[in-house]
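Enquirer: The structure is given below, and queries will be raised subsequently.
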Amino acid sequence: MARLASQEKLEFYPTPVEVTRMIASWFSAPKPTRIGDPCVGEGDALYAFKEALKQDIVTWGVELSPFRAEEAQKQIDVVLPASYFDVIWDPQSVSLMFNNPPYDWSHLIDPLSGRKIRFERLFTIRATAH
């Protein structure tokens, strides 16, 4: 039952802002820079990252939920209300990608193992492909 409830809310488990600020404290970025989030949610984590870096930063996000995409537009520079898998995102288009994808099995099959591929693996592969 827990998995169905998770899927109903589109696997939305936002990273706590305090955790995002701690992670952001480990980074620096050239000025100006662009940071992105392929699962931006309501934009809180990406906005906290931008605030923590205290620089000229442009934020980009992609969000599957129309409601969350609308909320994210209040604090993120560019929000695409779409699935990350329907967006062409060149890995060199952002300096840093904050990635907190859904943690579940996708419908895609790994040709080597014959098993379904986890979403978190797909997001990482897509975000770092060259």
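Following the order of the structure tokens, first chain is A, next is B, and so on, with residues numbered from 1 inside each chain and ligands from 1 in the order they appear.
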List every residue of chain A that DSSP, applied to the backbone of this structure, places in strand (DSSP E or B), and write the result as JSON, numbers by chain.
Expert: {"A": [33, 34, 35, 36, 37, 57, 58, 59, 60, 61, 62, 78, 79, 80, 96, 97, 105, 106, 107, 108, 109, 116, 117, 118]}
Enquirer: Take the residues from that selection and write them out as an mmCIF file, in the first residue's frame, keeping C-alpha atoms.
Expert:
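For reference, again-v5.cif as written:
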data_model
loop_
_atom_site.group_PDB
_atom_site.id
_atom_site.type_symbol
_atom_site.label_atom_id
_atom_site.label_comp_id
_atom_site.auth_asym_id
_atom_site.auth_seq_id
_atom_site.Cartn_x
_atom_site.Cartn_y
_atom_site.Cartn_z
ATOM 1 C CA THR A 33 26.440 30.184 -13.460
ATOM 2 C CA ARG A 34 23.377 28.059 -14.120
ATOM 3 C CA ILE A 35 22.109 25.297 -11.841
ATOM 4 C CA GLY A 36 19.313 22.865 -12.610
ATOM 5 C CA ASP A 37 17.015 20.312 -11.049
ATOM 6 C CA ILE A 57 22.924 32.213 -10.496
ATOM 7 C CA VAL A 58 20.176 31.307 -12.963
ATOM 8 C CA THR A 59 17.991 28.371 -11.917
ATOM 9 C CA TRP A 60 16.344 25.874 -14.261
ATOM 10 C CA GLY A 61 13.894 23.184 -13.238
ATOM 11 C CA VAL A 62 11.716 20.478 -14.736
ATOM 12 C CA VAL A 78 12.881 28.776 -15.680
ATOM 13 C CA VAL A 79 10.501 25.881 -14.969
ATOM 14 C CA LEU A 80 9.391 23.402 -17.610
ATOM 15 C CA LEU A 96 25.582 21.932 -11.399
ATOM 16 C CA MET A 97 22.558 19.647 -11.359
ATOM 17 C CA TRP A 105 11.366 1.031 -10.713
ATOM 18 C CA SER A 106 10.885 2.435 -14.223
ATOM 19 C CA HIS A 107 9.180 0.615 -17.071
ATOM 20 C CA LEU A 108 12.489 0.334 -18.987
ATOM 21 C CA ILE A 109 14.389 -2.951 -19.138
ATOM 22 C CA LYS A 116 13.728 -3.096 -14.833
ATOM 23 C CA ILE A 117 15.959 -0.054 -14.314
ATOM 24 C CA ARG A 118 15.578 2.143 -11.232
#
Enquirer: What's around Gly41 (chain A) at 8 Å? Count only C-alpha atoms, leave out sequence neighbours fewer than 6 positions away in its own chain, and write the answer as a PDB file with C-alpha atoms, in the first residue's frame.
Expert:
ATOM      1  CA  PHE A  12       7.437  13.387  -4.409  1.00  0.00           C
ATOM      2  CA  PRO A  14      11.490  16.714  -1.298  1.00  0.00           C
ATOM      3  CA  GLU A  63       8.633  19.223 -12.885  1.00  0.00           C
ATOM      4  CA  SER A  65       3.303  17.789 -11.527  1.00  0.00           C
ATOM      5  CA  ARG A  68       4.287  21.822  -8.205  1.00  0.00           C
ATOM      6  CA  ALA A  69       5.615  23.370 -11.442  1.00  0.00           C
ATOM      7  CA  ALA A  72       8.249  26.404  -8.441  1.00  0.00           C
TER       8      ALA A  72
END
Enquirer: I'd like to know which of A:Thr20, A:Ser28, A:Ser113, A:Ser95 is closest to Ala45 (chain A), using only C-alpha atoms.
Expert: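 Distance minimum relative to Ala45 (chain A) lands on A:Thr20.
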Enquirer: Calculate how many Å separate CA of Phe98 (chain A) from CA of Pro38 (chain A), rounding to one decimal.
Expert: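 Result for CA of Phe98 (chain A) versus CA of Pro38 (chain A): 7.6 Å, one decimal.
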Enquirer: Could you go through chain A and tell me which residues DSSP, when run on the backbone, assigns to alpha helix (DSSP H), listing them as a PyMOL selection string?
Expert: chain A and resi 2-8+17-24+44-53+66-72+119-128
Enquirer: Using only C-alpha atoms, which of the listed residues (A:Ala82, A:Glu18, A:Glu51, A:Asn99) sits closest to Glu70 (chain A)?
Expert: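 Smallest distance to Glu70 (chain A) is found for A:Ala82.
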Enquirer: Can you list, as a list in words, every protein, DNA or RNA residue that comes within 6 Å of Glu120 (chain A) when you count only C-alpha atoms, leaving out same-chain residues fewer than 2 positions away?
Expert: Pro101, Tyr103, Arg118, Leu122 and Phe123 of chain A
Enquirer: Can you tell me how far CA of Lys31 (chain A) sits from CA of Tyr47 (chain A), in Å to one decimal?
Expert: 16.8 Å
Enquirer: I'd like the neighbourhood of Ser25 (chain A) as a list in words, where a residue qualifies if any of its atoms comes within 10 Å (using only C-alpha atoms), though same-chain residues fewer than 3 positions away should be ignored.
Expert: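 Residues meeting the cut-off are Val19, Thr20, Arg21, Met22, Ser28, Phe49, Ala52 and Leu53 of chain A.
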Enquirer: Emit the selected residues as an mmCIF file, in the first residue's frame, including N, CA and C atoms.
Expert:
data_model
loop_
_atom_site.group_PDB
_atom_site.id
_atom_site.type_symbol
_atom_site.label_atom_id
_atom_site.label_comp_id
_atom_site.auth_asym_id
_atom_site.auth_seq_id
_atom_site.Cartn_x
_atom_site.Cartn_y
_atom_site.Cartn_z
ATOM 1 N N VAL A 19 19.005 20.214 4.692
ATOM 2 C CA VAL A 19 19.951 19.282 4.060
ATOM 3 C C VAL A 19 20.514 19.908 2.786
ATOM 4 N N THR A 20 19.640 20.574 2.015
ATOM 5 C CA THR A 20 20.095 21.243 0.791
ATOM 6 C C THR A 20 21.137 22.303 1.111
ATOM 7 N N ARG A 21 20.895 23.091 2.149
ATOM 8 C CA ARG A 21 21.861 24.131 2.530
ATOM 9 C C ARG A 21 23.200 23.512 2.925
ATOM 10 N N MET A 22 23.153 22.384 3.642
ATOM 11 C CA MET A 22 24.392 21.710 4.040
ATOM 12 C C MET A 22 25.145 21.215 2.793
ATOM 13 N N SER A 28 31.181 25.635 -4.700
ATOM 14 C CA SER A 28 31.344 27.013 -5.163
ATOM 15 C C SER A 28 31.100 26.948 -6.665
ATOM 16 N N PHE A 49 19.668 26.268 -2.638
ATOM 17 C CA PHE A 49 21.005 26.117 -3.197
ATOM 18 C C PHE A 49 21.488 27.457 -3.744
ATOM 19 N N ALA A 52 22.367 29.785 -0.892
ATOM 20 C CA ALA A 52 23.581 29.378 -0.190
ATOM 21 C C ALA A 52 24.837 29.752 -0.965
ATOM 22 N N LEU A 53 24.777 29.703 -2.302
ATOM 23 C CA LEU A 53 25.953 30.025 -3.115
ATOM 24 C C LEU A 53 26.195 31.531 -3.202
#
Enquirer: Pick from A:Pro66, A:Arg115, A:Val94, A:Glu71: nearest to Ala29 (chain A), with only C-alpha atoms counted?
Expert: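 Among the listed residues, the smallest separation from Ala29 (chain A) belongs to A:Val94.
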Enquirer: Ranking A:Asp104, A:Asp56, A:Asp90, A:Asp77 by minimum distance to Phe119 (chain A) and counting only C-alpha atoms, which one comes first?
Expert: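 Closest to Phe119 (chain A) of all the choices is A:Asp104.
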